[in-house]
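Only one structure is covered here, and it is reproduced in the block below.
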Amino acid sequence: MAEPPGLEGVEHTAQGGAHLPNPMHQFEIERIVPLKLLGLDASFTNSALFMVIAALLITAFTLFAMRRRALVPSRLQSTAEMSYEFVASMVRDNVGTDGMKYFPFVFTLFMFVLTLNMLGMVPYSFTVTSHIIITFALAAFIFLGVTLIGFIRHGPKFLKFFVPEGVPFFMLPLLVVIEVISYLTRPMSLSVRLFANMMAGHTMLKVFGAFVVALGVLGGWAALGFMVAFTGLEILVAFLQAYVFAILTCIYLNDALHMHH
Amino acid sequence: MDPSAAKLIGAGLASIALVGAGVGIGTIFGNYLQGALRNPSAAPGQFANLLLGFALAEATGLFGLVVALIILFVF
């Protein structure tokens, strides 16, 4: 494993002699409370800390916002109602009314991913969703759950999902294989989409932040302006990726429940 | 050739995938604007689809970027 020159370590020297921080340093996982369980490393890391913060924030937000349950909602209460209605209409439109029993799951998922993404936008914080193992664990459980729902609901008939209708039968061996492969890559694409967006965005922010510092008071203004605009775009992306994650979960659920292409 | 040089070239080649993301995002927003100007009353209803298409198109390009980063930092 030979490191290319200039990529090892936290800091490396750029051509002009300025010290640019390594943009990947922000994704480092640090152990806060080291812990060994059955030979496995189960330490409480900064990643776990931010997940706990996110879970507490969501719980506190929903409980605190809805504590009055006024008929004419306060600003905070209508924020909570808006987020509820946003996810509820997403489930209703994409899965149908019989999919509303999965609403609590989709709402939890959306709020969790959204809060983690938004927490990552706070300077000096840690972006949990920029690690593929986190997003892949989420996506893998969605995939398993949705497949189980399909089989419980339709029994062996769920396998018909992989057989497209209205194609000549000699094409079927090829098409069924393609359908199965595309079904199996769902957890991959779902997890890599979120992880790649988060990691690429944060790396870019860090690189341009380093440019601003390296160019100094005189030259850094253009880079700073770009930084501000790009931070705005990143906040949009943080919301959008949570939305896409939730809506794709809805689409997969709809496939399992209703089986039409 | 020096293996580390090949690695850097490979990472650079992998990030060409972002060309596709650029084309895709441009197509999506261009076509949305075209449709929205022809029929402005139908435009707000398709905004969710626009964002979904944007996110999906951007993601495919970012897959290439991930390959580039994996080449740089994992191997």
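Every chain in the structure tokens takes a letter, A first, then B, and so on in the order presented; its residues are numbered from 1, and the ligands are numbered from 1 following the presented order.
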
Give me, as number ranges by chain, the residues of chain B touching chain A, with the criterion being at most 10 Å (counting only C-alpha atoms). B: 2-8, 48, 51-56, 58-67, 69, 72-75

Write the residues of the preceding selection, restricted to N, CA and C atoms, as an mmCIF file, in the first residue's frame.
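Saved the output as again-v2.cif:
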```cif
data_model
loop_
_atom_site.group_PDB
_atom_site.id
_atom_site.type_symbol
_atom_site.label_atom_id
_atom_site.label_comp_id
_atom_site.auth_asym_id
_atom_site.auth_seq_id
_atom_site.Cartn_x
_atom_site.Cartn_y
_atom_site.Cartn_z
ATOM 1 N N ASP B 2 5.715 4.494 -12.721
ATOM 2 C CA ASP B 2 5.628 4.489 -11.268
ATOM 3 C C ASP B 2 4.181 4.169 -10.847
ATOM 4 N N PRO B 3 3.992 3.168 -9.951
ATOM 5 C CA PRO B 3 2.605 2.793 -9.592
ATOM 6 C C PRO B 3 1.812 3.949 -9.003
ATOM 7 N N SER B 4 2.456 4.808 -8.229
ATOM 8 C CA SER B 4 1.684 5.902 -7.626
ATOM 9 C C SER B 4 1.233 6.911 -8.685
ATOM 10 N N ALA B 5 2.036 7.047 -9.758
ATOM 11 C CA ALA B 5 1.613 7.922 -10.858
ATOM 12 C C ALA B 5 0.401 7.322 -11.561
ATOM 13 N N ALA B 6 0.440 5.979 -11.764
ATOM 14 C CA ALA B 6 -0.701 5.312 -12.402
ATOM 15 C C ALA B 6 -1.962 5.494 -11.566
ATOM 16 N N LYS B 7 -1.774 5.461 -10.246
ATOM 17 C CA LYS B 7 -2.908 5.631 -9.341
ATOM 18 C C LYS B 7 -3.541 7.023 -9.500
ATOM 19 N N LEU B 8 -2.684 8.025 -9.572
ATOM 20 C CA LEU B 8 -3.210 9.393 -9.727
ATOM 21 C C LEU B 8 -3.923 9.558 -11.060
ATOM 22 N N ALA B 48 -41.445 18.070 -7.168
ATOM 23 C CA ALA B 48 -40.884 16.923 -6.438
ATOM 24 C C ALA B 48 -40.151 15.998 -7.394
ATOM 25 N N LEU B 51 -36.765 17.492 -8.285
ATOM 26 C CA LEU B 51 -35.735 17.300 -7.265
ATOM 27 C C LEU B 51 -35.265 15.850 -7.243
ATOM 28 N N LEU B 52 -36.217 14.926 -7.418
ATOM 29 C CA LEU B 52 -35.854 13.509 -7.435
ATOM 30 C C LEU B 52 -34.917 13.211 -8.595
ATOM 31 N N GLY B 53 -35.264 13.752 -9.779
ATOM 32 C CA GLY B 53 -34.416 13.530 -10.944
ATOM 33 C C GLY B 53 -33.038 14.144 -10.773
ATOM 34 N N PHE B 54 -33.013 15.343 -10.174
ATOM 35 C CA PHE B 54 -31.730 16.008 -9.912
ATOM 36 C C PHE B 54 -30.852 15.160 -9.008
ATOM 37 N N ALA B 55 -31.457 14.649 -7.928
ATOM 38 C CA ALA B 55 -30.679 13.868 -6.964
ATOM 39 C C ALA B 55 -30.178 12.573 -7.593
ATOM 40 N N LEU B 56 -31.039 11.923 -8.402
ATOM 41 C CA LEU B 56 -30.635 10.660 -9.023
ATOM 42 C C LEU B 56 -29.521 10.889 -10.032
ATOM 43 N N GLU B 58 -27.352 13.400 -10.102
ATOM 44 C CA GLU B 58 -26.127 13.800 -9.425
ATOM 45 C C GLU B 58 -25.445 12.585 -8.808
ATOM 46 N N ALA B 59 -26.256 11.663 -8.297
ATOM 47 C CA ALA B 59 -25.684 10.518 -7.588
ATOM 48 C C ALA B 59 -24.850 9.639 -8.510
ATOM 49 N N THR B 60 -25.321 9.446 -9.765
ATOM 50 C CA THR B 60 -24.560 8.561 -10.654
ATOM 51 C C THR B 60 -23.171 9.127 -10.929
ATOM 52 N N GLY B 61 -23.075 10.457 -11.051
ATOM 53 C CA GLY B 61 -21.759 11.059 -11.236
ATOM 54 C C GLY B 61 -20.894 10.899 -10.000
ATOM 55 N N LEU B 62 -21.556 11.020 -8.835
ATOM 56 C CA LEU B 62 -20.782 10.919 -7.598
ATOM 57 C C LEU B 62 -20.247 9.504 -7.372
ATOM 58 N N PHE B 63 -20.924 8.511 -7.959
ATOM 59 C CA PHE B 63 -20.378 7.149 -7.859
ATOM 60 C C PHE B 63 -18.968 7.127 -8.438
ATOM 61 N N GLY B 64 -18.796 7.826 -9.582
ATOM 62 C CA GLY B 64 -17.479 7.908 -10.199
ATOM 63 C C GLY B 64 -16.476 8.609 -9.306
ATOM 64 N N LEU B 65 -16.947 9.663 -8.627
ATOM 65 C CA LEU B 65 -16.068 10.393 -7.708
ATOM 66 C C LEU B 65 -15.642 9.488 -6.552
ATOM 67 N N VAL B 66 -16.577 8.656 -6.082
ATOM 68 C CA VAL B 66 -16.250 7.721 -4.999
ATOM 69 C C VAL B 66 -15.166 6.755 -5.461
ATOM 70 N N VAL B 67 -15.292 6.271 -6.719
ATOM 71 C CA VAL B 67 -14.261 5.379 -7.248
ATOM 72 C C VAL B 67 -12.909 6.090 -7.235
ATOM 73 N N LEU B 69 -11.940 8.531 -5.262
ATOM 74 C CA LEU B 69 -11.459 8.680 -3.876
ATOM 75 C C LEU B 69 -10.973 7.349 -3.317
ATOM 76 N N LEU B 72 -7.593 6.760 -4.606
ATOM 77 C CA LEU B 72 -6.598 7.627 -3.968
ATOM 78 C C LEU B 72 -6.298 7.211 -2.541
ATOM 79 N N PHE B 73 -7.338 6.889 -1.756
ATOM 80 C CA PHE B 73 -7.134 6.805 -0.324
ATOM 81 C C PHE B 73 -7.204 5.382 0.230
ATOM 82 N N VAL B 74 -7.736 4.423 -0.529
ATOM 83 C CA VAL B 74 -7.858 3.065 0.010
ATOM 84 C C VAL B 74 -6.725 2.178 -0.488
ATOM 85 N N PHE B 75 -6.458 2.226 -1.806
ATOM 86 C CA PHE B 75 -5.416 1.317 -2.341
ATOM 87 C C PHE B 75 -4.019 1.856 -2.075
#
```

Quick one: everything within 9 Å of Glu81 (chain A), counting only C-alpha atoms, minus sequence neighbours fewer than 6 positions away in the same chain. Send it as a ChimeraX atom specification. /A:65-66,73

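Minimum atom-to-atom distance to Gly120 (chain A), evaluated using only C-alpha atoms, belongs to A:Phe27 out of A:Phe211, A:Phe136, A:Phe27, A:Phe226.
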
Using backbone DSSP assignments, extract all helix (DSSP H, G or I) residues from region 40-239 of chain A; output them as a ChimeraX atom specification. /A:46-65,75-95,97-120,128-130,132-162,169-184,186-239

Atom pair CA of His25 (chain A) + CA of Ala242 (chain A), distance 24.1 Å

Tell me which of A:Met259, A:Ser78, A:Leu224, A:Thr203 sits closest to Pro164 (chain A), counting only C-alpha atoms. A:Met259

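Residues in contact with region 27-38 of chain B at up to 10 Å, not including ones fewer than 6 positions away on its chain and judged by only C-alpha atoms, are Ala21, Pro44, Gln46, Phe47, Asn49, Leu50, Leu51, Gly53, Phe54 and Ala57 of chain B.
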
Would you output that residue set with N, CA and C atoms, as a compact mmCIF listing (two decimals), in the first residue's frame?
```
# COMPACT_ATOMS: atom_id res chain seq x y z
N ALA B 21 -22.86 13.45 -14.90
CA ALA B 21 -23.74 14.11 -13.94
C ALA B 21 -24.08 15.52 -14.40
N PRO B 44 -45.64 23.58 -10.63
CA PRO B 44 -45.41 23.27 -9.21
C PRO B 44 -45.65 21.80 -8.87
N GLN B 46 -44.83 19.28 -10.52
CA GLN B 46 -43.73 18.42 -10.93
C GLN B 46 -42.44 18.76 -10.19
N PHE B 47 -42.51 19.65 -9.19
CA PHE B 47 -41.29 20.09 -8.53
C PHE B 47 -40.62 18.94 -7.77
N ASN B 49 -40.75 15.78 -8.58
CA ASN B 49 -40.10 14.94 -9.58
C ASN B 49 -38.79 15.56 -10.05
N LEU B 50 -38.78 16.90 -10.15
CA LEU B 50 -37.57 17.60 -10.57
C LEU B 50 -36.44 17.34 -9.58
N LEU B 51 -36.77 17.49 -8.29
CA LEU B 51 -35.74 17.30 -7.27
C LEU B 51 -35.26 15.85 -7.24
N GLY B 53 -35.26 13.75 -9.78
CA GLY B 53 -34.42 13.53 -10.94
C GLY B 53 -33.04 14.14 -10.77
N PHE B 54 -33.01 15.34 -10.17
CA PHE B 54 -31.73 16.01 -9.91
C PHE B 54 -30.85 15.16 -9.01
N ALA B 57 -29.63 11.97 -10.82
CA ALA B 57 -28.61 12.24 -11.84
C ALA B 57 -27.28 12.60 -11.18
```

Could you give me, as a ChimeraX atom specification, the residues within 7 Å of region 29-31 of chain A, counting only C-alpha atoms and dropping anything in the same chain fewer than 6 positions from it? /A:43-47

Keeping N, CA and C atoms, export the residues of the selection given above as a PDB file, in the first residue's frame.
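This went into selection-v5.pdb:
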```
ATOM      1  N   SER A  43     -16.596   0.515  20.797  1.00  0.00           N
ATOM      2  CA  SER A  43     -16.355   1.783  21.475  1.00  0.00           C
ATOM      3  C   SER A  43     -17.448   2.786  21.145  1.00  0.00           C
ATOM      4  N   PHE A  44     -17.676   3.681  22.079  1.00  0.00           N
ATOM      5  CA  PHE A  44     -18.582   4.812  21.843  1.00  0.00           C
ATOM      6  C   PHE A  44     -17.782   5.871  21.097  1.00  0.00           C
ATOM      7  N   THR A  45     -18.077   6.029  19.815  1.00  0.00           N
ATOM      8  CA  THR A  45     -17.277   6.927  18.974  1.00  0.00           C
ATOM      9  C   THR A  45     -17.985   8.257  18.790  1.00  0.00           C
ATOM     10  N   ASN A  46     -17.315   9.180  18.084  1.00  0.00           N
ATOM     11  CA  ASN A  46     -17.969  10.445  17.778  1.00  0.00           C
ATOM     12  C   ASN A  46     -19.148  10.225  16.839  1.00  0.00           C
ATOM     13  N   SER A  47     -19.063   9.177  16.005  1.00  0.00           N
ATOM     14  CA  SER A  47     -20.197   8.830  15.134  1.00  0.00           C
ATOM     15  C   SER A  47     -21.408   8.444  15.978  1.00  0.00           C
TER      16      SER A  47
END
```

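CA of Gly96 (chain A) is found 18.7 Å from CA of Phe151 (chain A).
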